[in-house]
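What follows is the content of my_file.pdb, which has PDB, C-alpha atoms and all ligand atoms:
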ATOM      1  CA  MET A  27       0.000   0.000   0.000  1.00  0.00           C
ATOM      2  CA  GLN A  28       1.183   3.452  -0.889  1.00  0.00           C
ATOM      3  CA  GLU A  29       0.472   6.705   0.865  1.00  0.00           C
ATOM      4  CA  LEU A  30      -2.173   8.889  -0.675  1.00  0.00           C
ATOM      5  CA  THR A  31      -1.646  12.100  -2.552  1.00  0.00           C
ATOM      6  CA  THR A  32      -4.278  14.829  -2.507  1.00  0.00           C
ATOM      7  CA  LYS A  33      -5.599  13.700  -5.895  1.00  0.00           C
ATOM      8  CA  ALA A  34      -5.775  10.059  -4.845  1.00  0.00           C
ATOM      9  CA  LYS A  35      -7.438  10.966  -1.559  1.00  0.00           C
ATOM     10  CA  LEU A  36     -10.126  13.016  -3.355  1.00  0.00           C
ATOM     11  CA  ALA A  37     -10.697  10.110  -5.751  1.00  0.00           C
ATOM     12  CA  ARG A  38     -11.000   7.737  -2.804  1.00  0.00           C
ATOM     13  CA  ILE A  39     -13.559   9.986  -1.079  1.00  0.00           C
ATOM     14  CA  LYS A  40     -15.682   9.961  -4.253  1.00  0.00           C
ATOM     15  CA  GLU A  41     -15.271   6.215  -4.680  1.00  0.00           C
ATOM     16  CA  ASN A  42     -16.187   5.511  -1.051  1.00  0.00           C
ATOM     17  CA  LYS A  43     -19.295   7.660  -1.441  1.00  0.00           C
ATOM     18  CA  ARG A  44     -20.346   5.741  -4.572  1.00  0.00           C
ATOM     19  CA  THR A  45     -19.680   2.425  -2.817  1.00  0.00           C
ATOM     20  CA  ARG A  46     -21.769   3.473   0.208  1.00  0.00           C
ATOM     21  CA  GLU A  47     -24.641   4.508  -2.080  1.00  0.00           C
ATOM     22  CA  ARG A  48     -24.455   1.223  -4.017  1.00  0.00           C
ATOM     23  CA  ASN A  49     -24.272  -0.883  -0.852  1.00  0.00           C
ATOM     24  CA  LYS A  50     -27.301   0.912   0.531  1.00  0.00           C
ATOM     25  CA  ARG A  51     -29.215   0.583  -2.742  1.00  0.00           C
ATOM     26  CA  LEU A  52     -28.485  -3.155  -2.993  1.00  0.00           C
ATOM     27  CA  ASN A  53     -28.950  -3.733   0.748  1.00  0.00           C
ATOM     28  CA  TYR A  54     -25.477  -5.269   1.102  1.00  0.00           C
ATOM     29  CA  SER A  55     -25.294  -4.722   4.843  1.00  0.00           C
ATOM     30  CA  LYS A  56     -27.856  -7.529   5.246  1.00  0.00           C
ATOM     31  CA  THR A  57     -26.492  -9.903   2.627  1.00  0.00           C
ATOM     32  CA  ARG A  58     -22.708  -9.476   2.727  1.00  0.00           C
ATOM     33  CA  LEU A  59     -21.062  -9.519   6.098  1.00  0.00           C
ATOM     34  CA  ILE A  60     -17.310  -9.070   6.410  1.00  0.00           C
ATOM     35  CA  SER A  61     -15.798 -12.253   7.829  1.00  0.00           C
ATOM     36  CA  LYS A  62     -13.998 -12.283  11.177  1.00  0.00           C
ATOM     37  CA  GLU A  63     -10.948 -13.727   9.410  1.00  0.00           C
ATOM     38  CA  TYR A  64     -10.779 -10.833   6.968  1.00  0.00           C
ATOM     39  CA  ARG A  65     -11.089  -8.295   9.776  1.00  0.00           C
ATOM     40  CA  LYS A  66      -8.300 -10.018  11.742  1.00  0.00           C
ATOM     41  CA  HIS A  67      -6.070 -10.056   8.676  1.00  0.00           C
ATOM     42  CA  SER A  68      -6.547  -6.364   7.847  1.00  0.00           C
ATOM     43  CA  GLY A  69      -6.033  -5.428  11.518  1.00  0.00           C
ATOM     44  CA  ARG A  70      -2.675  -7.248  11.514  1.00  0.00           C
ATOM     45  CA  LYS A  71      -1.600  -5.571   8.278  1.00  0.00           C
ATOM     46  CA  TYR A  72      -2.409  -2.141   9.769  1.00  0.00           C
ATOM     47  CA  LYS A  73      -0.296  -2.848  12.878  1.00  0.00           C
ATOM     48  CA  VAL A  74       2.684  -3.891  10.751  1.00  0.00           C
ATOM     49  CA  LYS A  75       2.360  -0.872   8.475  1.00  0.00           C
ATOM     50  CA  TYR A  76       1.928   1.687  11.269  1.00  0.00           C
ATOM     51  CA  PRO A  77       3.840   0.497  14.378  1.00  0.00           C
ATOM     52  CA  GLU A  78       3.981   4.114  15.652  1.00  0.00           C
ATOM     53  CA  LYS A  79       0.156   4.266  15.706  1.00  0.00           C
ATOM     54  CA  LEU A  80      -0.064   1.054  17.688  1.00  0.00           C
ATOM     55  CA  GLU A  81       2.535   2.358  20.144  1.00  0.00           C
ATOM     56  CA  ALA A  82       0.677   5.672  20.608  1.00  0.00           C
ATOM     57  CA  HIS A  83      -2.605   3.802  21.004  1.00  0.00           C
ATOM     58  CA  ASN A  84      -1.102   1.672  23.779  1.00  0.00           C
ATOM     59  CA  ALA A  85       0.614   4.632  25.473  1.00  0.00           C
ATOM     60  CA  SER A  86      -2.661   6.580  25.675  1.00  0.00           C
ATOM     61  CA  ARG A  87      -4.738   3.614  26.820  1.00  0.00           C
ATOM     62  CA  HIS A  88      -4.840   4.886  30.427  1.00  0.00           C
ATOM     63  CA  ILE A  89      -6.285   8.271  29.381  1.00  0.00           C
ATOM     64  CA  LYS A  90     -10.026   8.303  29.923  1.00  0.00           C
ATOM     65  CA  SER A  91     -12.223  10.046  27.343  1.00  0.00           C
ATOM     66  CA  PRO A  92     -15.130  12.225  28.505  1.00  0.00           C
ATOM     67  CA  ALA A  93     -18.539  10.632  27.884  1.00  0.00           C
ATOM     68  CA  GLY A  94     -19.382  10.391  24.176  1.00  0.00           C
ATOM     69  CA  LYS A  95     -15.897  11.433  23.049  1.00  0.00           C
ATOM     70  CA  GLN A  96     -13.058   9.570  21.371  1.00  0.00           C
ATOM     71  CA  LYS A  97      -9.314  10.111  21.473  1.00  0.00           C
ATOM     72  CA  HIS A  98      -7.625  11.439  18.366  1.00  0.00           C
ATOM     73  CA  HIS A  99      -3.843  11.640  17.918  1.00  0.00           C
ATOM     74  CA  TRP A 100      -2.672  14.696  16.012  1.00  0.00           C
ATOM     75  CA  SER A 101       0.878  13.290  15.954  1.00  0.00           C
ATOM     76  CA  TYR A 102       2.341   9.827  16.495  1.00  0.00           C
ATOM     77  CA  ASN A 103       5.814  11.033  17.433  1.00  0.00           C
ATOM     78  CA  GLN A 104       7.372   9.799  20.668  1.00  0.00           C
ATOM     79  CA  GLU A 105       6.867  13.122  22.489  1.00  0.00           C
ATOM     80  CA  HIS A 106       3.179  13.362  21.473  1.00  0.00           C
ATOM     81  CA  LYS A 107       2.103   9.794  22.174  1.00  0.00           C
ATOM     82  CA  THR A 108      -0.216  10.821  25.003  1.00  0.00           C
ATOM     83  CA  ASP A 109      -1.180  14.233  23.592  1.00  0.00           C
ATOM     84  CA  VAL A 110      -4.679  13.413  22.389  1.00  0.00           C
ATOM     85  CA  ILE A 111      -7.648  15.522  21.280  1.00  0.00           C
ATOM     86  CA  PHE A 112     -11.144  14.535  22.442  1.00  0.00           C
ATOM     87  CA  ILE A 113     -13.802  14.631  19.740  1.00  0.00           C
ATOM     88  CA  SER A 114     -17.177  13.027  19.051  1.00  0.00           C
ATOM     89  CA  LYS A 115     -17.259   9.868  16.929  1.00  0.00           C
ATOM     90  CA  ALA A 116     -19.110  11.650  14.119  1.00  0.00           C
ATOM     91  CA  LEU A 117     -16.538  14.435  13.933  1.00  0.00           C
ATOM     92  CA  HIS A 118     -13.680  11.935  14.267  1.00  0.00           C
ATOM     93  CA  ASP A 119     -14.988   9.983  11.256  1.00  0.00           C
ATOM     94  CA  LYS A 120     -15.481  13.192   9.280  1.00  0.00           C
ATOM     95  CA  LEU A 121     -12.011  14.481  10.179  1.00  0.00           C
ATOM     96  CA  HIS A 122     -10.230  11.315   9.022  1.00  0.00           C
ATOM     97  CA  THR A 123     -12.019  11.524   5.684  1.00  0.00           C
ATOM     98  CA  TYR A 124     -10.094  14.749   5.048  1.00  0.00           C
ATOM     99  CA  LEU A 125      -6.713  13.830   6.537  1.00  0.00           C
ATOM    100  CA  ILE A 126      -3.779  12.301   4.688  1.00  0.00           C
ATOM    101  CA  TYR A 127      -1.274  10.427   6.846  1.00  0.00           C
ATOM    102  CA  ASP A 128       2.405  11.185   6.267  1.00  0.00           C
ATOM    103  CA  SER A 129       4.551   8.457   7.820  1.00  0.00           C
ATOM    104  CA  LYS A 130       7.731  10.447   7.167  1.00  0.00           C
ATOM    105  CA  PHE A 131       6.659  12.916   9.875  1.00  0.00           C
ATOM    106  CA  ASN A 132       4.206  10.621  11.731  1.00  0.00           C
ATOM    107  CA  MET A 133       1.646  13.398  11.327  1.00  0.00           C
ATOM    108  CA  TYR A 134      -1.272  14.247   9.103  1.00  0.00           C
ATOM    109  CA  ARG A 135      -1.626  16.578   6.148  1.00  0.00           C
ATOM    110  CA  THR A 136      -4.715  18.481   5.074  1.00  0.00           C
ATOM    111  CA  ILE A 137      -6.448  17.280   1.970  1.00  0.00           C
ATOM    112  CA  GLY A 138      -4.604  20.092   0.193  1.00  0.00           C
ATOM    113  CA  GLY A 139      -1.247  18.645   1.283  1.00  0.00           C
ATOM    114  CA  VAL A 140      -0.305  21.076   4.088  1.00  0.00           C
ATOM    115  CA  LEU A 141       1.521  19.361   6.964  1.00  0.00           C
ATOM    116  CA  LEU A 142      -0.281  19.837  10.304  1.00  0.00           C
ATOM    117  CA  ASP A 143       2.869  19.862  12.409  1.00  0.00           C
ATOM    118  CA  THR A 144       1.524  21.567  15.538  1.00  0.00           C
ATOM    119  CA  ARG A 145      -1.438  20.844  17.771  1.00  0.00           C
ATOM    120  CA  ILE A 146      -2.787  24.340  17.052  1.00  0.00           C
ATOM    121  CA  LYS A 147      -2.671  23.834  13.267  1.00  0.00           C
ATOM    122  CA  HIS A 148      -4.373  20.468  13.708  1.00  0.00           C
ATOM    123  CA  ASN A 149      -7.094  22.026  15.893  1.00  0.00           C
ATOM    124  CA  CYS A 150      -7.698  24.844  13.383  1.00  0.00           C
ATOM    125  CA  TYR A 151      -8.146  22.302  10.586  1.00  0.00           C
ATOM    126  CA  LEU A 152     -10.451  20.279  12.849  1.00  0.00           C
ATOM    127  CA  MET A 153     -12.591  23.354  13.519  1.00  0.00           C
ATOM    128  CA  MET A 154     -12.782  24.178   9.819  1.00  0.00           C
ATOM    129  CA  ILE A 155     -13.804  20.589   8.958  1.00  0.00           C
ATOM    130  CA  SER A 156     -16.470  20.583  11.679  1.00  0.00           C
ATOM    131  CA  ASP A 157     -18.051  23.798  10.371  1.00  0.00           C
ATOM    132  CA  ILE A 158     -18.426  23.079   6.655  1.00  0.00           C
ATOM    133  CA  ASN A 159     -19.984  20.323   4.556  1.00  0.00           C
ATOM    134  CA  HIS A 160     -18.502  17.860   2.079  1.00  0.00           C
ATOM    135  CA  GLU A 161     -19.148  19.984  -1.031  1.00  0.00           C
ATOM    136  CA  GLN A 162     -17.619  23.088   0.565  1.00  0.00           C
ATOM    137  CA  ILE A 163     -14.516  21.140   1.629  1.00  0.00           C
ATOM    138  CA  LEU A 164     -14.041  19.717  -1.863  1.00  0.00           C
ATOM    139  CA  LYS A 165     -14.522  23.150  -3.405  1.00  0.00           C
ATOM    140  CA  LEU A 166     -11.749  24.508  -1.175  1.00  0.00           C
ATOM    141  CA  PHE A 167      -9.256  21.913  -2.338  1.00  0.00           C
ATOM    142  CA  MET A 168     -10.133  21.353  -6.014  1.00  0.00           C
TER     143      MET A 168
HETATM  144 ZN    ZN B   1      -8.150   9.993  14.864  1.00  0.00          ZN
END

How does this structure look as structure tokens?
Ligand SMILES: [Zn+2]
Amino acid sequence: MQELTTKAKLARIKENKRTRERNKRLNYSKTRLISKEYRKHSGRKYKVKYPEKLEAHNASRHIKSPAGKQKHHWSYNQEHKTDVIFISKALHDKLHTYLIYDSKFNMYRTIGGVLLDTRIKHNCYLMMISDINHEQILKLFM
């Protein structure tokens, strides 16, 4: 697997949207369940590909999230392993749609390719993503 460029990420967002629409239209959630084996396999692949994410996940395990919130890492570097941001699941899902992971820096980039190398930059991007819809975000970066 290769890391995504802005163009590839935008294409993937479109493709995922089409896939979701098709799956809903054809009622796949009822007829095609993902096997436990497949899930185990892809989980293992993820851990091998991103050992720094696994390490940060384990290091922040003791941190308790406020009710209804999830932990989000803005950086997976050693010094930021326990520096997490608390966000709702819906916003967390939305945010990751518009983030590109850069394993050279162990940090994320915006969909436009700008490296979010401080917590403040990451929070500003998060606030922007939370305030605007899919079409507006795409318009900003196309
Ligand atoms: Zn996250």

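Computed from the coordinates, the CA of Lys75 (chain A) to CA of Ser114 (chain A) distance equals 26.2 Å.
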
Mind listing the residues within 12 Å of ligand ZN 1 (chain B), all atoms listed in the file counted, as a PyMOL selection string? chain A and resi 79+82-83+95-102+109-127+133-134+148+152

Atom-to-atom span, CA of Phe167 (chain A) and CA of Ala37 (chain A), Å: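 Spanning CA of Phe167 (chain A) to CA of Ala37 (chain A) is a straight-line distance of 12.4 Å.
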
Determine, counting all atoms listed in the file, which protein, DNA and RNA residues have an atom within 12 Å of an atom of Ala34 (chain A); residues of the same chain fewer than 5 positions away are not included. Present the result as a PyMOL selection string. chain A and resi 28-29+39-42+124+126+137-139

Smallest atom-to-atom distance to Ser129 (chain A): which of A:Glu78, A:Asp143, A:Glu105, A:Glu63, using all atoms listed in the file? A:Glu78

One decimal, in Å: what's the spacing between CA of Arg48 (chain A) and CA of Gly69 (chain A)? 25.0 Å

Name all residues at most 12 Å from Glu81 (chain A) (count all atoms listed in the file; drop same-chain ones fewer than 5 positions away) and give them as a PyMOL selection string. chain A and resi 73-74+76+86-87+99+101-108+132
